[in-house]
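J.: Just run-v3.tsv, nothing more (TSV, C-alpha atoms):
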```
chain	number	residue	atom	x	y	z
A	1	MET	CA	-75.07	-75.31	98.09
A	2	ARG	CA	-72.34	-73.27	96.42
A	3	VAL	CA	-73.91	-71.60	93.41
A	4	THR	CA	-71.34	-69.80	91.28
A	5	ARG	CA	-69.83	-72.63	89.24
A	6	LEU	CA	-72.95	-74.78	89.07
A	7	LEU	CA	-75.58	-72.40	87.65
A	8	LEU	CA	-74.65	-72.50	83.98
A	9	PRO	CA	-76.52	-75.70	82.96
A	10	ILE	CA	-79.77	-74.43	84.50
A	11	ALA	CA	-79.33	-70.95	83.06
A	12	GLY	CA	-78.75	-72.46	79.63
A	13	ALA	CA	-81.89	-74.55	79.91
A	14	LEU	CA	-83.86	-71.49	80.94
A	15	ALA	CA	-82.55	-69.58	77.96
A	16	LEU	CA	-83.68	-72.35	75.63
A	17	ALA	CA	-87.03	-72.77	77.38
A	18	GLY	CA	-87.68	-69.04	77.48
A	19	GLY	CA	-87.06	-68.42	73.79
A	20	ALA	CA	-88.10	-64.91	72.84
A	21	PHE	CA	-89.38	-64.24	76.34
A	22	ALA	CA	-85.97	-63.34	77.69
A	23	THR	CA	-82.47	-62.92	76.38
A	24	ARG	CA	-79.49	-64.61	77.94
A	25	ALA	CA	-78.35	-61.24	79.30
A	26	ALA	CA	-81.73	-60.69	80.95
A	27	LEU	CA	-81.58	-64.14	82.47
A	28	HIS	CA	-78.12	-63.42	83.79
A	29	ARG	CA	-79.36	-60.22	85.45
A	30	ARG	CA	-82.35	-62.01	86.98
A	31	ARG	CA	-80.12	-64.83	88.24
A	32	THR	CA	-77.68	-62.36	89.79
A	33	VAL	CA	-80.43	-60.40	91.51
A	34	GLY	CA	-82.09	-63.62	92.68
A	35	ALA	CA	-78.84	-65.02	94.05
A	36	GLU	CA	-78.17	-61.80	95.96
A	37	ARG	CA	-81.68	-61.80	97.39
A	38	LEU	CA	-81.44	-65.41	98.57
A	39	ALA	CA	-77.97	-64.79	100.01
A	40	GLY	CA	-79.56	-62.15	102.20
A	41	THR	CA	-81.91	-64.76	103.68
A	42	LEU	CA	-79.27	-67.23	104.84
A	43	HIS	CA	-79.06	-65.84	108.38
A	44	LEU	CA	-82.85	-65.79	108.65
A	45	ASN	CA	-83.10	-69.47	107.77
A	46	ALA	CA	-80.33	-70.35	110.20
A	47	ARG	CA	-82.01	-68.41	113.01
A	48	TRP	CA	-85.38	-70.00	112.24
A	49	TRP	CA	-83.91	-73.48	112.57
A	50	ARG	CA	-82.02	-72.57	115.76
A	51	ASP	CA	-85.27	-71.39	117.32
A	52	THR	CA	-87.12	-74.47	116.09
A	53	GLY	CA	-84.48	-76.72	117.62
A	54	LEU	CA	-85.27	-75.34	121.07
A	55	GLU	CA	-88.81	-76.70	120.93
A	56	GLN	CA	-89.46	-79.99	122.66
A	57	GLY	CA	-90.81	-83.16	121.09
A	58	GLU	CA	-91.32	-86.84	121.79
A	59	LEU	CA	-89.10	-87.84	118.88
A	60	LEU	CA	-85.86	-86.17	117.84
A	61	TYR	CA	-85.23	-85.63	114.13
A	62	VAL	CA	-81.74	-84.40	113.23
A	63	ALA	CA	-80.67	-83.25	109.75
A	64	LEU	CA	-77.16	-82.87	108.39
A	65	GLY	CA	-76.66	-81.05	105.12
A	66	ASP	CA	-76.13	-77.81	103.25
A	67	SER	CA	-78.29	-74.91	102.08
A	68	ALA	CA	-80.92	-77.29	100.72
A	69	ALA	CA	-81.48	-78.65	104.22
A	70	GLN	CA	-81.67	-75.04	105.40
A	71	GLY	CA	-84.45	-74.47	102.88
A	72	VAL	CA	-82.79	-71.72	100.87
A	73	GLY	CA	-85.17	-70.92	98.02
A	74	ALA	CA	-88.32	-72.04	99.83
A	75	SER	CA	-90.97	-69.47	100.68
A	76	LEU	CA	-90.52	-70.44	104.36
A	77	PRO	CA	-87.80	-72.58	105.98
A	78	GLY	CA	-90.46	-75.04	107.11
A	79	ARG	CA	-91.32	-75.73	103.47
A	80	SER	CA	-87.86	-77.16	102.86
A	81	TYR	CA	-87.51	-80.93	102.55
A	82	VAL	CA	-86.48	-81.05	106.23
A	83	GLY	CA	-89.66	-79.26	107.24
A	84	LEU	CA	-91.76	-81.53	105.02
A	85	ILE	CA	-90.13	-84.62	106.53
A	86	ALA	CA	-90.87	-83.34	110.03
A	87	ARG	CA	-94.52	-82.75	109.14
A	88	HIS	CA	-94.77	-86.24	107.64
A	89	LEU	CA	-93.28	-87.77	110.78
A	90	ARG	CA	-95.82	-85.98	112.97
A	91	GLU	CA	-98.69	-87.18	110.84
A	92	ARG	CA	-97.39	-90.75	110.49
A	93	THR	CA	-96.45	-91.36	114.12
A	94	GLY	CA	-99.00	-89.13	115.85
A	95	ARG	CA	-96.19	-87.85	118.06
A	96	SER	CA	-94.56	-84.46	118.49
A	97	ILE	CA	-91.24	-83.98	116.70
A	98	ARG	CA	-88.28	-81.92	117.80
A	99	VAL	CA	-86.24	-80.89	114.76
A	100	VAL	CA	-82.56	-80.09	115.16
A	101	ASN	CA	-81.22	-78.93	111.82
A	102	LEU	CA	-77.43	-78.93	111.99
A	103	SER	CA	-76.99	-78.10	108.30
A	104	VAL	CA	-74.86	-75.15	107.17
A	105	SER	CA	-75.33	-73.24	103.93
A	106	GLY	CA	-72.42	-73.87	101.60
A	107	ALA	CA	-71.31	-76.98	103.48
A	108	ARG	CA	-69.18	-79.56	101.74
A	109	LEU	CA	-68.29	-82.91	103.24
A	110	ARG	CA	-65.40	-81.21	105.05
A	111	GLU	CA	-67.76	-78.81	106.85
A	112	ALA	CA	-70.12	-81.65	107.68
A	113	LEU	CA	-67.18	-83.38	109.37
A	114	THR	CA	-65.72	-80.40	111.20
A	115	ILE	CA	-68.85	-78.41	112.10
A	116	GLN	CA	-71.90	-80.64	112.04
A	117	LEU	CA	-70.59	-84.02	113.18
A	118	PRO	CA	-69.27	-82.77	116.57
A	119	LEU	CA	-72.74	-81.35	117.31
A	120	LEU	CA	-74.39	-84.61	116.26
A	121	ARG	CA	-72.27	-86.52	118.79
A	122	GLU	CA	-74.05	-84.63	121.57
A	123	LEU	CA	-77.47	-85.86	120.39
A	124	GLU	CA	-79.32	-89.17	120.22
A	125	PRO	CA	-81.64	-88.81	117.22
A	126	ASP	CA	-84.57	-91.08	116.58
A	127	ILE	CA	-84.37	-90.09	112.92
A	128	LEU	CA	-81.27	-88.80	111.13
A	129	THR	CA	-81.13	-87.65	107.52
A	130	VAL	CA	-77.88	-86.78	105.75
A	131	ALA	CA	-77.85	-84.98	102.39
A	132	VAL	CA	-74.49	-83.40	101.73
A	133	GLY	CA	-71.83	-83.53	99.03
A	134	ALA	CA	-73.36	-81.52	96.19
A	135	ASN	CA	-71.05	-78.60	96.97
A	136	ASP	CA	-68.08	-80.90	96.45
A	137	ILE	CA	-69.02	-81.26	92.77
A	138	ALA	CA	-67.78	-77.77	91.83
A	139	ALA	CA	-64.18	-78.92	92.32
A	140	PHE	CA	-64.75	-82.67	92.32
A	141	ASP	CA	-61.91	-84.83	93.57
A	142	PRO	CA	-63.13	-88.45	93.63
A	143	VAL	CA	-60.39	-89.63	95.98
A	144	ARG	CA	-61.06	-86.91	98.52
A	145	PHE	CA	-64.82	-87.33	98.13
A	146	GLU	CA	-64.66	-91.01	98.99
A	147	ARG	CA	-62.23	-90.47	101.86
A	148	GLU	CA	-64.33	-87.76	103.47
A	149	LEU	CA	-67.63	-89.53	102.86
A	150	GLU	CA	-66.33	-92.68	104.49
A	151	GLU	CA	-65.06	-90.63	107.43
A	152	LEU	CA	-68.54	-89.16	107.79
A	153	TYR	CA	-70.45	-92.41	107.40
A	154	SER	CA	-68.20	-94.25	109.82
A	155	ALA	CA	-69.16	-91.74	112.53
A	156	LEU	CA	-72.93	-91.84	111.96
A	157	PRO	CA	-75.21	-93.80	114.27
A	158	PRO	CA	-76.99	-96.91	112.98
A	159	GLY	CA	-80.22	-96.25	111.14
A	160	ALA	CA	-79.16	-93.03	109.42
A	161	ILE	CA	-80.89	-92.24	106.13
A	162	VAL	CA	-78.41	-90.90	103.60
A	163	ALA	CA	-79.38	-89.29	100.31
A	164	ASP	CA	-77.44	-89.56	97.11
A	165	LEU	CA	-76.71	-86.31	95.27
A	166	PRO	CA	-79.44	-84.60	93.22
A	167	SER	CA	-79.35	-84.51	89.45
A	168	PHE	CA	-77.39	-81.69	87.81
A	169	TYR	CA	-79.00	-82.86	84.55
A	170	ILE	CA	-76.29	-82.09	81.99
A	171	GLY	CA	-72.59	-81.48	81.53
A	172	VAL	CA	-69.50	-82.39	83.50
A	173	ALA	CA	-71.25	-81.67	86.80
A	174	GLU	CA	-73.82	-84.41	86.12
A	175	LYS	CA	-71.07	-86.83	85.12
A	176	ASN	CA	-69.31	-86.15	88.42
A	177	VAL	CA	-72.57	-86.50	90.35
A	178	ARG	CA	-73.00	-89.99	88.93
A	179	LEU	CA	-69.47	-90.92	89.96
A	180	ALA	CA	-70.09	-89.51	93.44
A	181	ASN	CA	-73.38	-91.36	93.78
A	182	ALA	CA	-71.73	-94.68	93.01
A	183	VAL	CA	-69.53	-94.00	96.04
A	184	VAL	CA	-72.54	-92.98	98.14
A	185	ARG	CA	-74.37	-96.21	97.40
A	186	ARG	CA	-71.32	-98.42	97.91
A	187	LEU	CA	-70.45	-96.89	101.27
A	188	ALA	CA	-74.09	-96.88	102.36
A	189	ARG	CA	-74.22	-100.64	101.76
A	190	ARG	CA	-71.01	-101.07	103.73
A	191	TYR	CA	-72.40	-99.24	106.75
A	192	GLY	CA	-75.96	-100.52	106.45
A	193	PHE	CA	-77.64	-97.17	105.76
A	194	GLU	CA	-80.85	-96.70	103.80
A	195	VAL	CA	-80.38	-94.50	100.72
A	196	ALA	CA	-82.97	-91.88	99.81
A	197	PRO	CA	-82.91	-91.86	95.96
A	198	LEU	CA	-82.67	-88.11	95.50
A	199	HIS	CA	-80.92	-88.39	92.15
A	200	ALA	CA	-83.69	-90.53	90.67
A	201	ALA	CA	-86.41	-88.25	92.08
A	202	THR	CA	-84.85	-85.12	90.58
A	203	THR	CA	-83.84	-86.78	87.30
A	204	ARG	CA	-87.47	-87.78	86.68
A	205	GLN	CA	-88.46	-84.09	86.72
A	206	GLY	CA	-86.25	-83.26	83.74
A	207	VAL	CA	-84.21	-80.10	83.29
A	208	ALA	CA	-87.00	-78.15	81.55
A	209	ARG	CA	-89.59	-78.81	84.27
A	210	TYR	CA	-87.07	-78.01	86.96
A	211	ALA	CA	-85.99	-74.80	85.25
A	212	LEU	CA	-89.52	-73.58	84.64
A	213	ASN	CA	-91.41	-74.73	87.74
A	214	GLN	CA	-89.15	-75.97	90.52
A	215	VAL	CA	-86.22	-73.57	90.82
A	216	ALA	CA	-85.86	-70.54	93.09
A	217	ALA	CA	-84.93	-66.98	92.18
A	218	ASP	CA	-81.23	-67.81	91.87
A	219	PHE	CA	-82.01	-70.44	89.18
A	220	PHE	CA	-80.25	-73.05	91.31
A	221	HIS	CA	-81.89	-73.86	94.64
A	222	PRO	CA	-85.29	-75.57	94.67
A	223	ASN	CA	-88.45	-73.60	95.33
A	224	ASP	CA	-91.41	-75.02	97.27
A	225	ARG	CA	-92.31	-77.37	94.41
A	226	GLY	CA	-88.71	-78.47	94.10
A	227	TYR	CA	-88.44	-79.23	97.80
A	228	ARG	CA	-91.55	-81.40	97.59
A	229	VAL	CA	-89.64	-83.46	95.03
A	230	TRP	CA	-86.70	-83.69	97.42
A	231	ALA	CA	-88.96	-84.80	100.26
A	232	SER	CA	-90.49	-87.47	98.02
A	233	ALA	CA	-87.11	-89.22	97.93
A	234	PHE	CA	-87.07	-89.58	101.72
A	235	LEU	CA	-90.69	-90.32	102.61
A	236	PRO	CA	-90.92	-93.91	101.31
A	237	VAL	CA	-87.78	-94.76	103.30
A	238	LEU	CA	-89.25	-93.20	106.44
A	239	ASP	CA	-92.50	-95.10	105.91
A	240	ARG	CA	-90.59	-98.38	105.89
A	241	ILE	CA	-88.86	-97.73	109.18
A	242	MET	CA	-91.34	-95.64	111.19
A	243	PRO	CA	-94.55	-97.02	112.71
A	244	GLU	CA	-97.86	-95.45	111.83
A	245	ALA	CA	-99.99	-93.74	114.45
A	246	GLU	CA	-102.54	-96.08	115.95
A	247	SER	CA	-106.13	-95.35	115.01
A	248	ASP	CA	-108.54	-94.36	117.80
A	249	GLY	CA	-111.13	-96.58	116.19
```
Would it be possible to restate this file's structure as structure tokens?

T.:
Amino acid sequence: MRVTRLLLPIAGALALAGGAFATRAALHRRRTVGAERLAGTLHLNARWWRDTGLEQGELLYVALGDSAAQGVGASLPGRSYVGLIARHLRERTGRSIRVVNLSVSGARLREALTIQLPLLRELEPDILTVAVGANDIAAFDPVRFERELEELYSALPPGAIVADLPSFYIGVAEKNVRLANAVVRRLARRYGFEVAPLHAATTRQGVARYALNQVAADFFHPNDRGYRVWASAFLPVLDRIMPEAESDG
């Protein structure tokens, strides 16, 4: 996700939560250093997923998305929500899973359409998750958002699982997220897609818990705990549509 214009609500919450522990200036320095450090890992995450996508599996799981799908902020790419979903699928079905992660750090809907969708057309996924659009909130245009989201959804195969946008907790960004999510849900109904309730899952955490326990070094992306929350939005949907592994007993 694009960080620069979306960090202020979280940084403000951290300043309030930290009290005397840290000044706003100290938080700003930490955030800057953390953002630079995570930016230096983007190519490593992308390479990790490219290598993972070469592995074979009985079922094909494909993910579309942005830096959250790449796992930026997690201690390892496999501890992102995509990695956690893949592990859950292996355990639930008892089958090997090939994971093709087509996500791109910084992607908006436009990049999902121009970069990721053409690659998806070459695949026949058994499971497809789509979580993209949060980067469109920085310069939110509701007309363009709906037009591009409908273009994306109209090109997805049946059975896709689409996530609504995560909570931004406070401010204009959260107001725009709620407007965007109304569009997500309406278009998902039109095209018959299951919606992973990512906004509800993240909203339940609250801004203070997220800021203190679930955010990465840049004070924006989730850490391992945060990505477990993200995965929790998808897993009940997967459990409804995927068969369980048969018991040997």

J.: Smallest atom-to-atom distance to Arg144 of chain A: which of A:Ala180, A:Ala63, A:Val130, A:Val82, using all atoms listed in the file?

T.: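 Of the candidates, the smallest distance to Arg144 of chain A is held by A:Ala180.
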
J.: Hey, which of A:Asp239, A:Glu111, A:Glu122, A:Glu55 ends up closest to Ala196 of chain A? Count all atoms listed in the file.

T.: A:Asp239

J.: So which one's closest to Pro236 of chain A, A:Lys175, A:Arg98, A:Arg189, A:Arg92? Using only C-alpha atoms, please.

T.: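 Among the listed residues, the smallest separation from Pro236 of chain A belongs to A:Arg92.
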
J.: Go through A:Arg178, A:Arg108, A:His43, A:Arg186 one by one, measure the shortest atom-to-atom distance of each to Ala200 of chain A using all atoms listed in the file, and give the residue with the smallest value.

T.: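 Closest candidate: A:Arg178.
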
J.: Would you compute the distance between atom CA of Ser96 of chain A and atom CA of Ala233 of chain A? Give it in Å to one decimal.

T.: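 Result for atom CA of Ser96 of chain A versus atom CA of Ala233 of chain A: 22.4 Å, one decimal.
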
J.: Measuring between only C-alpha atoms, which one of A:Val183, A:Ala188, A:Val162, A:Ile127 shows the shortest distance to Arg147 of chain A?

T.: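 Of all the options, A:Val183 lies closest to Arg147 of chain A.
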
J.: Compare A:Asp136, A:Glu91, A:Asp51, A:Asp126 by their minimum atom-to-atom distance to Ala160 of chain A, counting all atoms listed in the file, and give me the closest one.

T.: A:Asp126

J.: Counting only C-alpha atoms, which residues sit no farther than 9 Å from the position (-86.3, -72.1, 111.7) in the file's frame? I'd like them as a PDB file with C-alpha atoms, in the coordinates of the input.

T.:
```pdb
ATOM      1  CA  LEU A  44     -82.850 -65.790 108.650  1.00  0.00           C
ATOM      2  CA  ASN A  45     -83.100 -69.470 107.770  1.00  0.00           C
ATOM      3  CA  ALA A  46     -80.330 -70.350 110.200  1.00  0.00           C
ATOM      4  CA  ARG A  47     -82.010 -68.410 113.010  1.00  0.00           C
ATOM      5  CA  TRP A  48     -85.380 -70.000 112.240  1.00  0.00           C
ATOM      6  CA  TRP A  49     -83.910 -73.480 112.570  1.00  0.00           C
ATOM      7  CA  ARG A  50     -82.020 -72.570 115.760  1.00  0.00           C
ATOM      8  CA  ASP A  51     -85.270 -71.390 117.320  1.00  0.00           C
ATOM      9  CA  THR A  52     -87.120 -74.470 116.090  1.00  0.00           C
ATOM     10  CA  GLY A  53     -84.480 -76.720 117.620  1.00  0.00           C
ATOM     11  CA  GLN A  70     -81.670 -75.040 105.400  1.00  0.00           C
ATOM     12  CA  LEU A  76     -90.520 -70.440 104.360  1.00  0.00           C
ATOM     13  CA  PRO A  77     -87.800 -72.580 105.980  1.00  0.00           C
ATOM     14  CA  GLY A  78     -90.460 -75.040 107.110  1.00  0.00           C
ATOM     15  CA  ASN A 101     -81.220 -78.930 111.820  1.00  0.00           C
TER      16      ASN A 101
END
```

J.: Mind pulling up the distance from atom CA of Leu165 of chain A to atom CA of His199 of chain A?

T.: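 Taking atom CA of His199 of chain A as the start and atom CA of Leu165 of chain A as the end point, the length is 5.6 Å.
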